[in-house]
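> So I've got this file, start13.pdb, and it contains PDB, C-alpha atoms, pLDDT in the B column:
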```
ATOM      1  CA  PHE D   1       0.000   0.000   0.000  1.00 92.00           C
ATOM      2  CA  GLN D   2       3.132   2.190  -0.247  1.00 91.00           C
ATOM      3  CA  ASN D   3       2.616   3.585   3.272  1.00 94.00           C
ATOM      4  CA  ARG D   4      -0.548   5.362   2.115  1.00 95.00           C
ATOM      5  CA  LEU D   5      -3.049   3.747   4.472  1.00 97.00           C
ATOM      6  CA  PRO D   6      -4.502   6.097   7.073  1.00 97.00           C
ATOM      7  CA  GLN D   7      -4.531   5.108  10.703  1.00 95.00           C
ATOM      8  CA  CYS D   8      -7.346   2.845  11.814  1.00 97.00           C
ATOM      9  CA  LEU D   9      -8.337   0.938  14.899  1.00 97.00           C
ATOM     10  CA  ILE D  10      -7.753  -2.788  14.737  1.00 97.00           C
ATOM     11  CA  THR D  11     -10.214  -4.598  16.957  1.00 97.00           C
ATOM     12  CA  LEU D  12     -10.936  -8.207  17.793  1.00 96.00           C
ATOM     13  CA  GLN D  13     -14.564  -9.217  17.323  1.00 95.00           C
ATOM     14  CA  ARG D  14     -16.145 -12.658  17.501  1.00 92.00           C
ATOM     15  CA  LYS D  15     -18.724 -12.185  14.776  1.00 90.00           C
ATOM     16  CA  ARG D  16     -20.075 -15.600  13.795  1.00 86.00           C
ATOM     17  CA  ARG D  17     -18.835 -17.081  10.486  1.00 85.00           C
ATOM     18  CA  THR D  18     -16.709 -13.978   9.859  1.00 91.00           C
ATOM     19  CA  TYR D  19     -12.937 -13.853   9.625  1.00 93.00           C
ATOM     20  CA  GLY D  20     -12.852 -10.062   9.581  1.00 96.00           C
ATOM     21  CA  TYR D  21     -14.546  -6.896   8.384  1.00 96.00           C
ATOM     22  CA  PHE D  22     -13.899  -3.244   7.637  1.00 97.00           C
ATOM     23  CA  SER D  23     -16.091  -0.452   8.941  1.00 96.00           C
ATOM     24  CA  ALA D  24     -15.450   3.053   7.572  1.00 96.00           C
ATOM     25  CA  ARG D  25     -15.632   5.971   9.990  1.00 95.00           C
ATOM     26  CA  ARG D  26     -16.676   3.654  12.828  1.00 96.00           C
ATOM     27  CA  PHE D  27     -15.202   5.455  15.854  1.00 96.00           C
ATOM     28  CA  ILE D  28     -15.176   9.052  17.031  1.00 95.00           C
ATOM     29  CA  SER D  29     -12.829  10.552  19.617  1.00 92.00           C
ATOM     30  CA  ASN D  30     -14.390  11.505  22.940  1.00 93.00           C
ATOM     31  CA  ASP D  31     -13.924  15.188  22.110  1.00 93.00           C
ATOM     32  CA  GLY D  32     -15.766  14.707  18.820  1.00 90.00           C
ATOM     33  CA  GLU D  33     -12.808  15.994  16.795  1.00 92.00           C
ATOM     34  CA  LYS D  34     -11.577  12.857  15.038  1.00 93.00           C
ATOM     35  CA  ILE D  35     -13.264   9.998  13.241  1.00 95.00           C
ATOM     36  CA  ILE D  36     -11.382   6.799  12.476  1.00 97.00           C
ATOM     37  CA  ASP D  37     -12.017   3.560  10.569  1.00 98.00           C
ATOM     38  CA  GLU D  38     -12.021   0.036  12.014  1.00 98.00           C
ATOM     39  CA  ILE D  39     -10.569  -3.240  10.849  1.00 98.00           C
ATOM     40  CA  ALA D  40     -11.998  -6.063  12.946  1.00 97.00           C
ATOM     41  CA  LEU D  41     -10.472  -9.533  13.030  1.00 97.00           C
ATOM     42  CA  ASN D  42     -12.042 -12.612  14.555  1.00 95.00           C
ATOM     43  CA  PRO D  43      -9.460 -14.241  16.888  1.00 94.00           C
ATOM     44  CA  GLN D  44     -11.328 -17.547  16.757  1.00 91.00           C
ATOM     45  CA  TYR D  45      -9.837 -18.029  13.281  1.00 91.00           C
ATOM     46  CA  PHE D  46      -6.239 -17.210  14.209  1.00 90.00           C
ATOM     47  CA  ILE D  47      -5.821 -20.978  14.482  1.00 86.00           C
ATOM     48  CA  GLN D  48      -5.700 -21.079  10.667  1.00 84.00           C
ATOM     49  CA  PRO D  49      -2.243 -21.162   9.089  1.00 83.00           C
ATOM     50  CA  THR D  50      -0.606 -17.763   9.613  1.00 88.00           C
ATOM     51  CA  PRO D  51      -0.685 -16.782   5.895  1.00 92.00           C
ATOM     52  CA  GLU D  52      -4.466 -17.308   5.863  1.00 92.00           C
ATOM     53  CA  THR D  53      -4.903 -15.130   8.948  1.00 93.00           C
ATOM     54  CA  LEU D  54      -2.653 -12.409   7.515  1.00 95.00           C
ATOM     55  CA  SER D  55      -4.527 -12.550   4.200  1.00 96.00           C
ATOM     56  CA  THR D  56      -7.722 -11.666   6.079  1.00 96.00           C
ATOM     57  CA  LEU D  57      -5.997  -8.597   7.529  1.00 97.00           C
ATOM     58  CA  VAL D  58      -4.767  -7.575   4.065  1.00 97.00           C
ATOM     59  CA  HIS D  59      -8.246  -8.183   2.563  1.00 97.00           C
ATOM     60  CA  GLU D  60      -9.612  -5.648   5.058  1.00 97.00           C
ATOM     61  CA  MET D  61      -6.724  -3.269   4.386  1.00 98.00           C
ATOM     62  CA  VAL D  62      -7.830  -3.247   0.730  1.00 98.00           C
ATOM     63  CA  HIS D  63     -11.228  -2.001   1.925  1.00 97.00           C
ATOM     64  CA  LEU D  64      -9.487   0.695   3.983  1.00 98.00           C
ATOM     65  CA  TYR D  65      -7.439   1.743   0.959  1.00 98.00           C
ATOM     66  CA  GLN D  66     -10.482   1.813  -1.298  1.00 98.00           C
ATOM     67  CA  ALA D  67     -12.499   3.859   1.231  1.00 97.00           C
ATOM     68  CA  HIS D  68      -9.874   6.624   1.136  1.00 97.00           C
ATOM     69  CA  PHE D  69      -8.456   6.444  -2.379  1.00 97.00           C
ATOM     70  CA  GLY D  70     -11.119   4.775  -4.502  1.00 97.00           C
ATOM     71  CA  LYS D  71     -14.844   4.304  -4.939  1.00 97.00           C
ATOM     72  CA  PRO D  72     -16.226   1.547  -2.707  1.00 96.00           C
ATOM     73  CA  GLY D  73     -19.338  -0.301  -3.795  1.00 94.00           C
ATOM     74  CA  ARG D  74     -22.698   0.407  -2.185  1.00 93.00           C
ATOM     75  CA  GLY D  75     -23.114  -1.100   1.269  1.00 89.00           C
ATOM     76  CA  ARG D  76     -21.271  -4.424   1.474  1.00 90.00           C
ATOM     77  CA  TYR D  77     -20.819  -4.812  -2.286  1.00 95.00           C
ATOM     78  CA  HIS D  78     -17.300  -5.722  -3.431  1.00 97.00           C
ATOM     79  CA  ASN D  79     -16.997  -4.033  -6.825  1.00 98.00           C
ATOM     80  CA  LYS D  80     -14.609  -4.400  -9.780  1.00 98.00           C
ATOM     81  CA  GLU D  81     -12.249  -1.762  -8.401  1.00 98.00           C
ATOM     82  CA  TRP D  82     -11.909  -3.807  -5.204  1.00 98.00           C
ATOM     83  CA  VAL D  83     -11.292  -6.920  -7.334  1.00 98.00           C
ATOM     84  CA  ALA D  84      -8.459  -5.163  -9.192  1.00 98.00           C
ATOM     85  CA  LEU D  85      -6.870  -3.988  -5.924  1.00 98.00           C
ATOM     86  CA  MET D  86      -7.023  -7.503  -4.463  1.00 98.00           C
ATOM     87  CA  LYS D  87      -5.484  -9.100  -7.559  1.00 98.00           C
ATOM     88  CA  ASN D  88      -2.753  -6.448  -7.606  1.00 97.00           C
ATOM     89  CA  ILE D  89      -1.522  -7.561  -4.189  1.00 97.00           C
ATOM     90  CA  GLY D  90      -1.847 -11.287  -4.849  1.00 97.00           C
ATOM     91  CA  LEU D  91      -5.206 -12.195  -3.337  1.00 98.00           C
ATOM     92  CA  TYR D  92      -7.819 -13.551  -5.733  1.00 98.00           C
ATOM     93  CA  PRO D  93     -11.458 -12.655  -4.950  1.00 98.00           C
ATOM     94  CA  SER D  94     -13.937 -15.515  -4.909  1.00 97.00           C
ATOM     95  CA  HIS D  95     -17.307 -15.815  -3.237  1.00 95.00           C
ATOM     96  CA  THR D  96     -16.420 -19.433  -2.373  1.00 93.00           C
ATOM     97  CA  GLY D  97     -12.821 -18.820  -1.300  1.00 93.00           C
ATOM     98  CA  ALA D  98     -11.664 -21.112  -4.111  1.00 93.00           C
ATOM     99  CA  PRO D  99     -10.959 -20.846  -7.855  1.00 96.00           C
ATOM    100  CA  GLY D 100     -14.065 -20.553  -9.999  1.00 96.00           C
ATOM    101  CA  GLY D 101     -16.134 -18.428  -7.620  1.00 96.00           C
ATOM    102  CA  ARG D 102     -17.687 -15.065  -8.495  1.00 97.00           C
ATOM    103  CA  GLU D 103     -15.266 -12.156  -8.146  1.00 98.00           C
ATOM    104  CA  THR D 104     -17.785  -9.518  -7.050  1.00 98.00           C
ATOM    105  CA  GLY D 105     -20.711  -9.506  -4.662  1.00 96.00           C
ATOM    106  CA  ASP D 106     -21.853  -8.710  -1.141  1.00 94.00           C
ATOM    107  CA  ALA D 107     -20.256 -11.570   0.796  1.00 92.00           C
ATOM    108  CA  MET D 108     -16.793 -12.210  -0.598  1.00 95.00           C
ATOM    109  CA  SER D 109     -13.800 -14.311   0.221  1.00 95.00           C
ATOM    110  CA  HIS D 110     -10.432 -14.807  -1.463  1.00 96.00           C
ATOM    111  CA  TYR D 111      -7.574 -17.227  -1.907  1.00 96.00           C
ATOM    112  CA  ILE D 112      -3.840 -16.602  -1.975  1.00 96.00           C
ATOM    113  CA  LEU D 113      -2.130 -16.561  -5.379  1.00 96.00           C
ATOM    114  CA  LYS D 114       1.028 -18.629  -5.059  1.00 93.00           C
ATOM    115  CA  ASN D 115       4.259 -16.821  -5.960  1.00 90.00           C
ATOM    116  CA  ASP D 116       2.508 -13.438  -6.159  1.00 95.00           C
ATOM    117  CA  ARG D 117       3.147 -10.296  -4.063  1.00 95.00           C
ATOM    118  CA  PHE D 118       1.247 -11.295  -0.915  1.00 96.00           C
ATOM    119  CA  TYR D 119       2.623 -14.838  -0.976  1.00 95.00           C
ATOM    120  CA  GLN D 120       6.229 -13.660  -1.398  1.00 95.00           C
ATOM    121  CA  THR D 121       5.963 -11.005   1.304  1.00 94.00           C
ATOM    122  CA  CYS D 122       4.268 -13.366   3.722  1.00 92.00           C
ATOM    123  CA  THR D 123       6.859 -16.078   3.075  1.00 91.00           C
ATOM    124  CA  LEU D 124       9.644 -13.584   3.815  1.00 92.00           C
ATOM    125  CA  LEU D 125       7.925 -12.470   7.027  1.00 91.00           C
ATOM    126  CA  LEU D 126       7.489 -16.054   8.198  1.00 89.00           C
ATOM    127  CA  THR D 127      11.190 -16.844   7.638  1.00 85.00           C
ATOM    128  CA  GLU D 128      11.918 -14.206  10.286  1.00 79.00           C
ATOM    129  CA  ASN D 129      10.225 -16.308  13.009  1.00 78.00           C
ATOM    130  CA  PHE D 130       7.058 -14.245  12.921  1.00 81.00           C
ATOM    131  CA  ARG D 131       4.085 -15.937  14.529  1.00 79.00           C
ATOM    132  CA  LEU D 132       0.814 -15.103  16.182  1.00 83.00           C
ATOM    133  CA  SER D 133       1.406 -15.193  19.924  1.00 83.00           C
ATOM    134  CA  TRP D 134      -2.128 -15.983  21.059  1.00 85.00           C
ATOM    135  CA  LEU D 135      -4.814 -18.399  19.872  1.00 84.00           C
ATOM    136  CA  ASP D 136      -8.418 -18.788  21.012  1.00 85.00           C
ATOM    137  CA  ARG D 137      -8.672 -22.049  22.984  1.00 83.00           C
ATOM    138  CA  PHE D 138     -12.252 -22.657  21.782  1.00 82.00           C
ATOM    139  CA  PRO D 139     -12.343 -21.901  18.050  1.00 82.00           C
ATOM    140  CA  PRO D 140     -15.370 -22.760  15.907  1.00 81.00           C
ATOM    141  CA  TYR D 141     -15.396 -26.079  14.050  1.00 74.00           C
ATOM    142  CA  ASP D 142     -14.802 -24.545  10.605  1.00 78.00           C
ATOM    143  CA  ALA D 143     -11.530 -23.011  11.832  1.00 78.00           C
ATOM    144  CA  PHE D 144      -9.940 -26.454  11.377  1.00 74.00           C
ATOM    145  CA  ASP D 145     -10.741 -26.801   7.668  1.00 73.00           C
ATOM    146  CA  ASN D 146      -7.205 -25.952   6.485  1.00 69.00           C
ATOM    147  CA  LEU D 147      -5.292 -27.857   9.159  1.00 74.00           C
ATOM    148  CA  ASN D 148      -3.467 -31.116   8.571  1.00 72.00           C
ATOM    149  CA  GLU D 149      -3.241 -33.860  11.211  1.00 73.00           C
ATOM    150  CA  ILE D 150       0.197 -32.697  12.412  1.00 65.00           C
ATOM    151  CA  ASP D 151      -1.130 -29.161  13.007  1.00 69.00           C
ATOM    152  CA  LYS D 152      -4.209 -30.535  14.799  1.00 69.00           C
ATOM    153  CA  SER D 153      -2.027 -32.726  17.034  1.00 70.00           C
ATOM    154  CA  PHE D 154       0.243 -29.774  17.884  1.00 68.00           C
ATOM    155  CA  LEU D 155      -2.747 -27.618  18.762  1.00 70.00           C
ATOM    156  CA  GLN D 156      -4.279 -30.297  20.979  1.00 67.00           C
ATOM    157  CA  ASN D 157      -0.986 -30.566  22.863  1.00 68.00           C
ATOM    158  CA  SER D 158      -1.028 -26.769  23.264  1.00 69.00           C
ATOM    159  CA  GLY D 159      -4.377 -26.731  25.048  1.00 71.00           C
ATOM    160  CA  ILE D 160      -6.613 -25.930  22.085  1.00 75.00           C
ATOM    161  CA  VAL D 161      -9.960 -27.676  22.394  1.00 74.00           C
ATOM    162  CA  LEU D 162     -10.760 -29.376  19.086  1.00 66.00           C
ATOM    163  CA  PRO D 163     -14.458 -30.060  18.547  1.00 66.00           C
ATOM    164  CA  ASP D 164     -15.403 -33.601  17.516  1.00 63.00           C
ATOM    165  CA  GLU D 165     -18.054 -32.606  14.993  1.00 52.00           C
ATOM    166  CA  PRO D 166     -19.529 -29.440  13.502  1.00 50.00           C
ATOM    167  CA  GLN D 167     -22.105 -27.591  15.509  1.00 47.00           C
ATOM    168  CA  PRO D 168     -25.389 -27.158  13.602  1.00 45.00           C
ATOM    169  CA  THR D 169     -25.238 -23.356  13.859  1.00 45.00           C
ATOM    170  CA  GLN D 170     -21.730 -23.023  12.457  1.00 41.00           C
ATOM    171  CA  SER D 171     -20.831 -22.658   8.796  1.00 39.00           C
ATOM    172  CA  LYS D 172     -17.865 -23.955   6.843  1.00 41.00           C
ATOM    173  CA  THR D 173     -17.600 -20.732   4.826  1.00 42.00           C
ATOM    174  CA  LYS D 174     -14.125 -19.201   4.635  1.00 48.00           C
ATOM    175  CA  PHE D 175     -12.909 -15.603   4.645  1.00 48.00           C
ATOM    176  CA  ILE D 176     -16.278 -13.917   4.381  1.00 48.00           C
ATOM    177  CA  CYS D 177     -16.123 -10.155   4.483  1.00 52.00           C
ATOM    178  CA  PRO D 178     -19.612  -9.037   5.517  1.00 48.00           C
ATOM    179  CA  GLU D 179     -19.154  -5.288   5.649  1.00 48.00           C
TER     180      GLU D 179
END
```
Write out the structure in this file as structure tokens.


Amino acid sequence: FQNRLPQCLITLQRKRRTYGYFSARRFISNDGEKIIDEIALNPQYFIQPTPETLSTLVHEMVHLYQAHFGKPGRGRYHNKEWVALMKNIGLYPSHTGAPGGRETGDAMSHYILKNDRFYQTCTLLLTENFRLSWLDRFPPYDAFDNLNEIDKSFLQNSGIVLPDEPQPTQSKTKFICPE
């Protein structure tokens, strides 16, 4: 983003079936002088591989960028400008979170383009021993979709409570950006 992003508050919210969201002009200072945007991340999904978690943050940063330097779609709509910004940084928009999904719409996800800008930057960051320091001990069932058996075993030994089966109220949808 070439250091162009304005300041924003980054909050942790446990919004069901949501990895993160952006809310423009969400907070106001107590003196009423300043208004600031919010990027909210759901810590229940930090259990996902670190690149997936970081891609959610970057997805929301694209919304922040577009809110200040572009023309966001109406309401929750992810428009073609947003699609172009996502592709430019190496995240491919998809309403399913997988190849072949629609690129625009109200509820959108993405997947990481291998060997593209985001992937390369994230790989470099992770070679520097970067990691998320805290994980929710009781993540939702769908948080385990991208984990292999070795990762699941490690998490169980770390005190993470792995559910045995999906709860009927939980979805297996990935990376949905509702706002």

> Kindly provide, as JSON, the centre and edge lengths (Å, one decimal) of an axis-aligned box around all atoms of stretch 108-119 of chain D given in the file, with 4 Å on each side.


```
{"center_x": -6.3, "center_y": -14.5, "center_z": -3.0, "size_x": 29.1, "size_y": 16.3, "size_z": 14.4}
```

> Excluding D:Leu113 and any residue of its chain fewer than 2 positions from it, enumerate the residues within 6 Å of it, using all atoms listed in the file, and give them as a short mmCIF file (atom, residue, chain, number, x, y, z; two decimals) with C-alpha atoms, keeping the file's coordinate frame.


```cif
data_model
loop_
_atom_site.label_atom_id
_atom_site.label_comp_id
_atom_site.auth_asym_id
_atom_site.auth_seq_id
_atom_site.Cartn_x
_atom_site.Cartn_y
_atom_site.Cartn_z
CA GLY D 90 -1.85 -11.29 -4.85
CA LEU D 91 -5.21 -12.20 -3.34
CA ASP D 116 2.51 -13.44 -6.16
#
```

> Could you tell me how far atom CA of D:Leu85 lies from atom CA of D:Asp37, in Å and to one decimal?

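Distance between the two atoms: 18.9 Å.
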
> For atom CA of D:Thr18 and atom CA of D:Leu132, determine how far apart the two atoms are, in Å to one decimal place.

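Interatomic distance, atom CA of D:Thr18 to atom CA of D:Leu132: 18.7 Å.
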
> Let me make sure I understand: among D:His95, D:Arg76, D:Lys15, D:Arg137, which one has the smallest atom-to-atom distance to D:Val161 if we use all atoms listed in the file?

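Closest residue, counting all atoms listed in the file: D:Arg137.
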
> Distance atom CA of D:Phe144-atom CA of D:Tyr77, one decimal place?

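So the answer is 27.8 Å.
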
> Mind checking which residues fall within 6 Å of D:Ile10, counting all atoms listed in the file, ignoring those fewer than 2 positions away in the same chain, and posting them as a PyMOL selection string?

chain D and resi 38-40

> Any idea what's packed within 10 Å of D:Cys122, counting all atoms listed in the file, ignoring anything in its chain fewer than 2 positions away? Could you give it as a list in words?

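Those residues are Thr50, Pro51, Glu52, Leu54, Ser55, Arg117, Phe118, Tyr119, Gln120, Leu124, Leu125, Leu126, Thr127 and Phe130 of chain D.
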
> I want to know what sits within 7 Å of D:Thr56, based on all atoms listed in the file, with residues of the same chain fewer than 3 positions away left out; could you give that as number ranges by chain?

D: 19-20, 52-53, 59-60, 175

> Convert the output of the PyMOL selection byres ((chain D and resi 35) around 12) on the shown file into explicit residues, formatted as a list in words.

Pro6, Gln7, Cys8, Leu9, Ser23, Ala24, Arg25, Arg26, Phe27, Ile28, Ser29, Asn30, Asp31, Gly32, Glu33, Lys34, Ile36, Asp37 and Glu38 of chain D

> Deliver the residues from the most recent selection as a file, using C-alpha atoms, as a PDB file, in the frame of the given file.


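To be explicit, this is the file written out as selection-v5.pdb:
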```
ATOM      1  CA  PRO D   6      -4.502   6.097   7.073  1.00 97.00           C
ATOM      2  CA  GLN D   7      -4.531   5.108  10.703  1.00 95.00           C
ATOM      3  CA  CYS D   8      -7.346   2.845  11.814  1.00 97.00           C
ATOM      4  CA  LEU D   9      -8.337   0.938  14.899  1.00 97.00           C
ATOM      5  CA  SER D  23     -16.091  -0.452   8.941  1.00 96.00           C
ATOM      6  CA  ALA D  24     -15.450   3.053   7.572  1.00 96.00           C
ATOM      7  CA  ARG D  25     -15.632   5.971   9.990  1.00 95.00           C
ATOM      8  CA  ARG D  26     -16.676   3.654  12.828  1.00 96.00           C
ATOM      9  CA  PHE D  27     -15.202   5.455  15.854  1.00 96.00           C
ATOM     10  CA  ILE D  28     -15.176   9.052  17.031  1.00 95.00           C
ATOM     11  CA  SER D  29     -12.829  10.552  19.617  1.00 92.00           C
ATOM     12  CA  ASN D  30     -14.390  11.505  22.940  1.00 93.00           C
ATOM     13  CA  ASP D  31     -13.924  15.188  22.110  1.00 93.00           C
ATOM     14  CA  GLY D  32     -15.766  14.707  18.820  1.00 90.00           C
ATOM     15  CA  GLU D  33     -12.808  15.994  16.795  1.00 92.00           C
ATOM     16  CA  LYS D  34     -11.577  12.857  15.038  1.00 93.00           C
ATOM     17  CA  ILE D  36     -11.382   6.799  12.476  1.00 97.00           C
ATOM     18  CA  ASP D  37     -12.017   3.560  10.569  1.00 98.00           C
ATOM     19  CA  GLU D  38     -12.021   0.036  12.014  1.00 98.00           C
TER      20      GLU D  38
END
```

> Identify which of the residues D:Leu64, D:Val83, D:Leu155, D:Ile47 lies closest to D:Leu135, counting only C-alpha atoms when measuring atom-to-atom distances.

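Closest to D:Leu135 of all the choices is D:Ile47.
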
> Near D:Glu81, counting all atoms listed in the file, which residues have an atom at most 9 Å away, once you skip same-chain residues fewer than 3 positions from it, shown as a ChimeraX atom specification?

/D:66,70-73,78,84-86

> Let's have the selection written as a short mmCIF file (atom, residue, chain, number, x, y, z; two decimals), keeping the file's coordinate frame, with C-alpha atoms.


```cif
data_model
loop_
_atom_site.label_atom_id
_atom_site.label_comp_id
_atom_site.auth_asym_id
_atom_site.auth_seq_id
_atom_site.Cartn_x
_atom_site.Cartn_y
_atom_site.Cartn_z
CA GLN D 66 -10.48 1.81 -1.30
CA GLY D 70 -11.12 4.78 -4.50
CA LYS D 71 -14.84 4.30 -4.94
CA PRO D 72 -16.23 1.55 -2.71
CA GLY D 73 -19.34 -0.30 -3.80
CA HIS D 78 -17.30 -5.72 -3.43
CA ALA D 84 -8.46 -5.16 -9.19
CA LEU D 85 -6.87 -3.99 -5.92
CA MET D 86 -7.02 -7.50 -4.46
#
```

> With all atoms listed in the file counted, which protein, DNA or RNA residues have an atom no more than 10 Å from (-12.4, -7.6, 19.7) in the file frame? Please answer as an mmCIF file with C-alpha atoms, keeping the file's coordinate frame.


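The file below, out.cif, is the result:
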```
data_model
loop_
_atom_site.group_PDB
_atom_site.id
_atom_site.type_symbol
_atom_site.label_atom_id
_atom_site.label_comp_id
_atom_site.auth_asym_id
_atom_site.auth_seq_id
_atom_site.Cartn_x
_atom_site.Cartn_y
_atom_site.Cartn_z
ATOM 1 C CA ILE D 10 -7.753 -2.788 14.737
ATOM 2 C CA THR D 11 -10.214 -4.598 16.957
ATOM 3 C CA LEU D 12 -10.936 -8.207 17.793
ATOM 4 C CA GLN D 13 -14.564 -9.217 17.323
ATOM 5 C CA ARG D 14 -16.145 -12.658 17.501
ATOM 6 C CA LYS D 15 -18.724 -12.185 14.776
ATOM 7 C CA ALA D 40 -11.998 -6.063 12.946
ATOM 8 C CA LEU D 41 -10.472 -9.533 13.030
ATOM 9 C CA ASN D 42 -12.042 -12.612 14.555
ATOM 10 C CA PRO D 43 -9.460 -14.241 16.888
#
```

> Calculated over only C-alpha atoms, which of the candidates D:Phe22, D:Thr123, D:Gly105, D:Phe138 has the smallest distance to D:Met61?

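Closest to D:Met61, using only C-alpha atoms: D:Phe22.
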
> Expanded to explicit residues, what is the PyMOL selection byres ((chain D and resi 111) around 7) for this file, as a VMD selection string?

chain D and resid 91 to 93 97 to 98 110 112 to 113

> Which residue gives the smallest distance to D:Phe1 among D:Tyr21, D:Asn148, D:Arg131, D:Val62, with all atoms listed in the file counted?

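Counting all atoms listed in the file, the residue closest to D:Phe1 is D:Val62.
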
> Which one is closest to D:Trp82: D:Leu5, D:Met108, D:Leu57, D:Ile160? Count all atoms listed in the file.

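Comparing D:Leu5, D:Met108, D:Leu57, D:Ile160 against D:Trp82, the winner is D:Met108.
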